[in-house]
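Asks: Hey, dropping target.cif in here, mmCIF, C-alpha atoms and all ligand atoms:
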```cif
data_final
#
loop_
_atom_site.group_PDB
_atom_site.id
_atom_site.type_symbol
_atom_site.label_atom_id
_atom_site.label_comp_id
_atom_site.auth_asym_id
_atom_site.auth_seq_id
_atom_site.Cartn_x
_atom_site.Cartn_y
_atom_site.Cartn_z
ATOM 1 C CA MET E 1 71.036 -3.638 -31.298
ATOM 2 C CA ASN E 2 72.090 -7.158 -30.421
ATOM 3 C CA TYR E 3 69.867 -9.306 -28.259
ATOM 4 C CA GLN E 4 71.112 -10.850 -25.076
ATOM 5 C CA HIS E 5 68.273 -13.359 -25.331
ATOM 6 C CA HIS E 6 65.532 -13.713 -27.899
ATOM 7 C CA LEU E 7 62.499 -15.664 -26.717
ATOM 8 C CA PHE E 8 59.935 -17.112 -29.116
ATOM 9 C CA ILE E 9 56.557 -18.119 -27.720
ATOM 10 C CA CYS E 10 54.055 -20.215 -29.648
ATOM 11 C CA THR E 11 50.636 -18.563 -29.670
ATOM 12 C CA ASN E 12 48.913 -21.181 -31.815
ATOM 13 C CA GLN E 13 46.629 -22.564 -29.080
ATOM 14 C CA LYS E 14 42.875 -21.945 -28.876
ATOM 15 C CA SER E 15 43.233 -21.394 -25.135
ATOM 16 C CA GLU E 16 45.309 -18.179 -25.577
ATOM 17 C CA VAL E 17 47.841 -19.524 -23.075
ATOM 18 C CA GLY E 18 50.741 -18.587 -25.363
ATOM 19 C CA LYS E 19 49.589 -14.970 -25.516
ATOM 20 C CA ASP E 20 49.262 -14.948 -21.737
ATOM 21 C CA VAL E 21 52.777 -16.408 -21.384
ATOM 22 C CA ALA E 22 54.206 -13.773 -23.768
ATOM 23 C CA LYS E 23 52.484 -10.966 -21.816
ATOM 24 C CA ALA E 24 53.663 -12.398 -18.510
ATOM 25 C CA LEU E 25 57.247 -12.667 -19.814
ATOM 26 C CA LYS E 26 57.286 -9.020 -20.902
ATOM 27 C CA LYS E 27 55.883 -7.951 -17.531
ATOM 28 C CA GLU E 28 58.355 -10.118 -15.627
ATOM 29 C CA LEU E 29 61.335 -8.772 -17.599
ATOM 30 C CA LYS E 30 60.344 -5.274 -16.501
ATOM 31 C CA LYS E 31 59.703 -6.384 -12.931
ATOM 32 C CA GLN E 32 63.084 -8.106 -12.637
ATOM 33 C CA ASP E 33 64.759 -5.232 -14.490
ATOM 34 C CA LEU E 34 66.076 -7.508 -17.247
ATOM 35 C CA LYS E 35 64.369 -5.930 -20.280
ATOM 36 C CA SER E 36 67.595 -4.302 -21.353
ATOM 37 C CA LEU E 37 71.088 -4.666 -19.992
ATOM 38 C CA LEU E 38 74.398 -2.924 -20.311
ATOM 39 C CA ILE E 39 77.050 -5.541 -21.047
ATOM 40 C CA GLY E 40 80.622 -4.522 -21.783
ATOM 41 C CA GLY E 41 79.408 -0.958 -22.422
ATOM 42 C CA LYS E 42 76.859 -2.143 -25.011
ATOM 43 C CA LYS E 43 73.109 -2.107 -24.633
ATOM 44 C CA ARG E 44 71.535 -5.543 -25.012
ATOM 45 C CA LYS E 45 67.849 -6.400 -24.981
ATOM 46 C CA ASN E 46 65.937 -9.462 -23.929
ATOM 47 C CA ARG E 47 63.229 -9.693 -26.568
ATOM 48 C CA VAL E 48 59.947 -11.603 -26.373
ATOM 49 C CA GLN E 49 58.310 -12.489 -29.677
ATOM 50 C CA ALA E 50 55.025 -14.296 -30.306
ATOM 51 C CA VAL E 51 55.163 -16.811 -33.161
ATOM 52 C CA GLY E 52 53.102 -19.601 -34.713
ATOM 53 C CA CYS E 53 53.547 -23.345 -34.367
ATOM 54 C CA MET E 54 57.124 -24.496 -33.732
ATOM 55 C CA ASP E 55 56.441 -28.219 -34.219
ATOM 56 C CA VAL E 56 56.526 -29.254 -30.584
ATOM 57 C CA CYS E 57 52.735 -29.427 -30.274
ATOM 58 C CA LYS E 58 52.873 -32.375 -27.841
ATOM 59 C CA HIS E 59 54.194 -29.853 -25.284
ATOM 60 C CA CYS E 60 52.095 -26.965 -26.503
ATOM 61 C CA LYS E 61 48.742 -27.167 -28.269
ATOM 62 C CA LYS E 62 48.115 -30.710 -27.004
ATOM 63 C CA GLY E 63 49.528 -30.023 -23.556
ATOM 64 C CA HIS E 64 48.680 -27.596 -20.781
ATOM 65 C CA GLY E 65 50.766 -24.601 -21.762
ATOM 66 C CA ALA E 66 52.862 -23.043 -24.489
ATOM 67 C CA ALA E 67 56.142 -23.921 -26.172
ATOM 68 C CA VAL E 68 58.959 -21.427 -25.637
ATOM 69 C CA VAL E 69 62.443 -21.405 -27.161
ATOM 70 C CA VAL E 70 65.249 -19.210 -25.881
ATOM 71 C CA TYR E 71 68.124 -18.152 -28.139
ATOM 72 C CA PRO E 72 71.069 -17.996 -28.482
ATOM 73 C CA GLU E 73 71.208 -21.203 -26.399
ATOM 74 C CA ALA E 74 68.309 -22.856 -28.298
ATOM 75 C CA VAL E 75 66.838 -24.093 -25.035
ATOM 76 C CA TRP E 76 63.314 -25.468 -25.473
ATOM 77 C CA TYR E 77 60.607 -25.305 -22.846
ATOM 78 C CA GLY E 78 57.219 -26.986 -23.050
ATOM 79 C CA ASP E 79 53.829 -26.691 -21.347
ATOM 80 C CA VAL E 80 54.837 -23.274 -20.018
ATOM 81 C CA GLN E 81 52.149 -21.507 -17.986
ATOM 82 C CA PRO E 82 52.152 -17.832 -16.991
ATOM 83 C CA ARG E 83 53.067 -18.915 -13.428
ATOM 84 C CA ASP E 84 56.355 -20.401 -14.779
ATOM 85 C CA VAL E 85 57.723 -17.234 -16.352
ATOM 86 C CA ALA E 86 59.231 -15.731 -13.193
ATOM 87 C CA ASP E 87 61.528 -18.790 -12.987
ATOM 88 C CA ILE E 88 62.501 -18.550 -16.668
ATOM 89 C CA VAL E 89 63.361 -14.876 -16.303
ATOM 90 C CA HIS E 90 65.172 -15.211 -12.980
ATOM 91 C CA GLU E 91 66.931 -18.569 -13.443
ATOM 92 C CA HIS E 92 67.620 -18.652 -17.180
ATOM 93 C CA LEU E 93 67.924 -15.025 -18.257
ATOM 94 C CA GLY E 94 69.235 -13.729 -14.949
ATOM 95 C CA GLN E 95 71.434 -16.581 -13.715
ATOM 96 C CA GLY E 96 72.169 -18.483 -16.938
ATOM 97 C CA ARG E 97 70.651 -21.737 -15.637
ATOM 98 C CA PRO E 98 67.846 -23.248 -17.737
ATOM 99 C CA VAL E 99 64.758 -24.256 -15.734
ATOM 100 C CA LYS E 100 65.090 -28.056 -15.722
ATOM 101 C CA ARG E 101 61.465 -28.923 -14.895
ATOM 102 C CA LEU E 102 60.243 -27.205 -18.108
ATOM 103 C CA LEU E 103 62.870 -28.510 -20.548
ATOM 104 C CA ILE E 104 61.837 -30.549 -23.592
ATOM 105 C CA GLU E 105 63.748 -32.223 -26.411
ATOM 106 C CA LYS E 106 63.353 -30.681 -29.849
HETATM 107 S S1 LIG T 1 50.927 -25.424 -31.623
HETATM 108 FE FE1 LIG T 1 52.555 -24.655 -30.378
HETATM 109 S S2 LIG T 1 54.249 -25.765 -31.110
HETATM 110 FE FE2 LIG T 1 52.656 -26.456 -32.373
#
```
Reformat the file's structure so that it appears as C-alpha cells.
Replies:
Amino acid sequence: MNYQHHLFICTNQKSEVGKDVAKALKKELKKQDLKSLLIGGKKRKNRVQAVGCMDVCKHCKKGHGAAVVVYPEAVWYGDVQPRDVADIVHEHLGQGRPVKRLLIEK
C-alpha cells in the first residue's frame, strides 16, 4: 500500500511530548476521517511513525514540543504540541497547505 502522507515524529525528549504528539495525530486522523483515503480507486494511508532524533533538536528536545516531518513533501515542523495536531491534519493533510506558524528550516 502506498502512503498518501508519512509522518515521522521525534520521541527523543524526556518530557514525552513526542509520544503525546504521535498519539494525538493518530487520534486526529481518525476523528477527521483521514486515516485512509480512496484516491483514483486506490487505497492510500496517512501513516504516523515515532522515530528517534532527527537532528533538529533546537526545535524539539531543546524547545517546547516535538519535531515532525511530513513526506512526500519533506515539510518540517518544530516545537509541535498535541494542541497543534488538529491544524496539521486539517490544513496540511486535508487541504494540502502546510501550517506556516510551525514550519522550520532543515
Ligand atoms: S531530539 Fe528531537 S530532533 Fe533531536
Asks: Fewer than 5 positions away in the same chain doesn't count, so skip those; otherwise give me all residues within 12 Å of E:Ala24, counting all atoms listed in the file, as a list in words.
Replies: Ile9, Val17, Gly18, Lys19, Leu29, Lys30, Lys31, Gln32, Val48, Val80, Gln81, Pro82, Arg83, Asp84, Val85, Ala86, Asp87, Ile88 and Val89 of chain E
Asks: Please return as a compact mmCIF listing (two decimals) with C-alpha atoms, in the frame of the given file the residues found within 7 Å of ligand LIG 1 (chain T), counting all atoms listed in the file.
Replies:
```txt
# COMPACT_ATOMS: atom_id res chain seq x y z
CA CYS E 10 54.06 -20.22 -29.65
CA THR E 11 50.64 -18.56 -29.67
CA ASN E 12 48.91 -21.18 -31.82
CA GLN E 13 46.63 -22.56 -29.08
CA GLY E 52 53.10 -19.60 -34.71
CA CYS E 53 53.55 -23.34 -34.37
CA MET E 54 57.12 -24.50 -33.73
CA ASP E 55 56.44 -28.22 -34.22
CA VAL E 56 56.53 -29.25 -30.58
CA CYS E 57 52.74 -29.43 -30.27
CA CYS E 60 52.10 -26.96 -26.50
CA LYS E 61 48.74 -27.17 -28.27
CA ALA E 66 52.86 -23.04 -24.49
CA ALA E 67 56.14 -23.92 -26.17
```
Asks: Could you state the separation of atom CA of E:Asp79 and atom CA of E:Leu102 in Å, given to one decimal place?
Replies: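 Those two atoms sit 7.2 Å apart.
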Asks: Check what the PyMOL selection byres (((chain E and resi 8) around 6) and not hetatm) selects in the file above and give those residues as a list in words.
Replies: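 Taken over the shown coordinates, the PyMOL selection byres (((chain E and resi 8) around 6) and not hetatm) returns Leu7, Ile9, Gln49, Ala50, Val68 and Val69 of chain E.
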Asks: Given the file above and the PyMOL selection byres (((chain E and resi 101) around 10) and not hetatm), which residues are selected, and can you give them as number ranges by chain?
Replies: E: 77-78, 84, 98-100, 102-104
Asks: Nearest residue to E:Val70 out of E:Lys35, E:Gly41, E:Asn46, E:His90, using only C-alpha atoms?
Replies: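 Of E:Lys35, E:Gly41, E:Asn46, E:His90, the one nearest E:Val70 is E:Asn46, counting only C-alpha atoms.
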Asks: Applying the PyMOL selection byres (((chain E and resi 45) around 6) and not hetatm) to the file I just gave you, which residues come out? Please list them as a VMD selection string.
Replies: chain E and resid 3 to 4 35 to 36 44 46 to 47
Asks: Please compute the atom CA of E:Lys43-atom CA of E:His92 distance, one decimal, in Å.
Replies: 19.0 Å
Asks: From the options E:Lys27, E:Lys14, E:Arg97, E:Lys106, which residue's atoms come nearest to E:Lys58, counting all atoms listed in the file?
Replies: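 Nearest candidate to E:Lys58 out of E:Lys27, E:Lys14, E:Arg97, E:Lys106: E:Lys106.
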Asks: Rounded to one decimal place, report the atom CA of E:His5-atom CA of E:Leu93 distance in Å.
Replies: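 One can read the atom CA of E:His5 to atom CA of E:Leu93 distance as 7.3 Å.
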Asks: Box along x, y and z, 5 Å on every side, all listed atoms of stretch 63-72 of chain E inside: centre and edge lengths in Å to one decimal, as AutoDock Vina command-line options.
Replies:
```
--center_x 59.9 --center_y -24.0 --center_z -24.6 --size_x 32.4 --size_y 22.0 --size_z 17.7
```
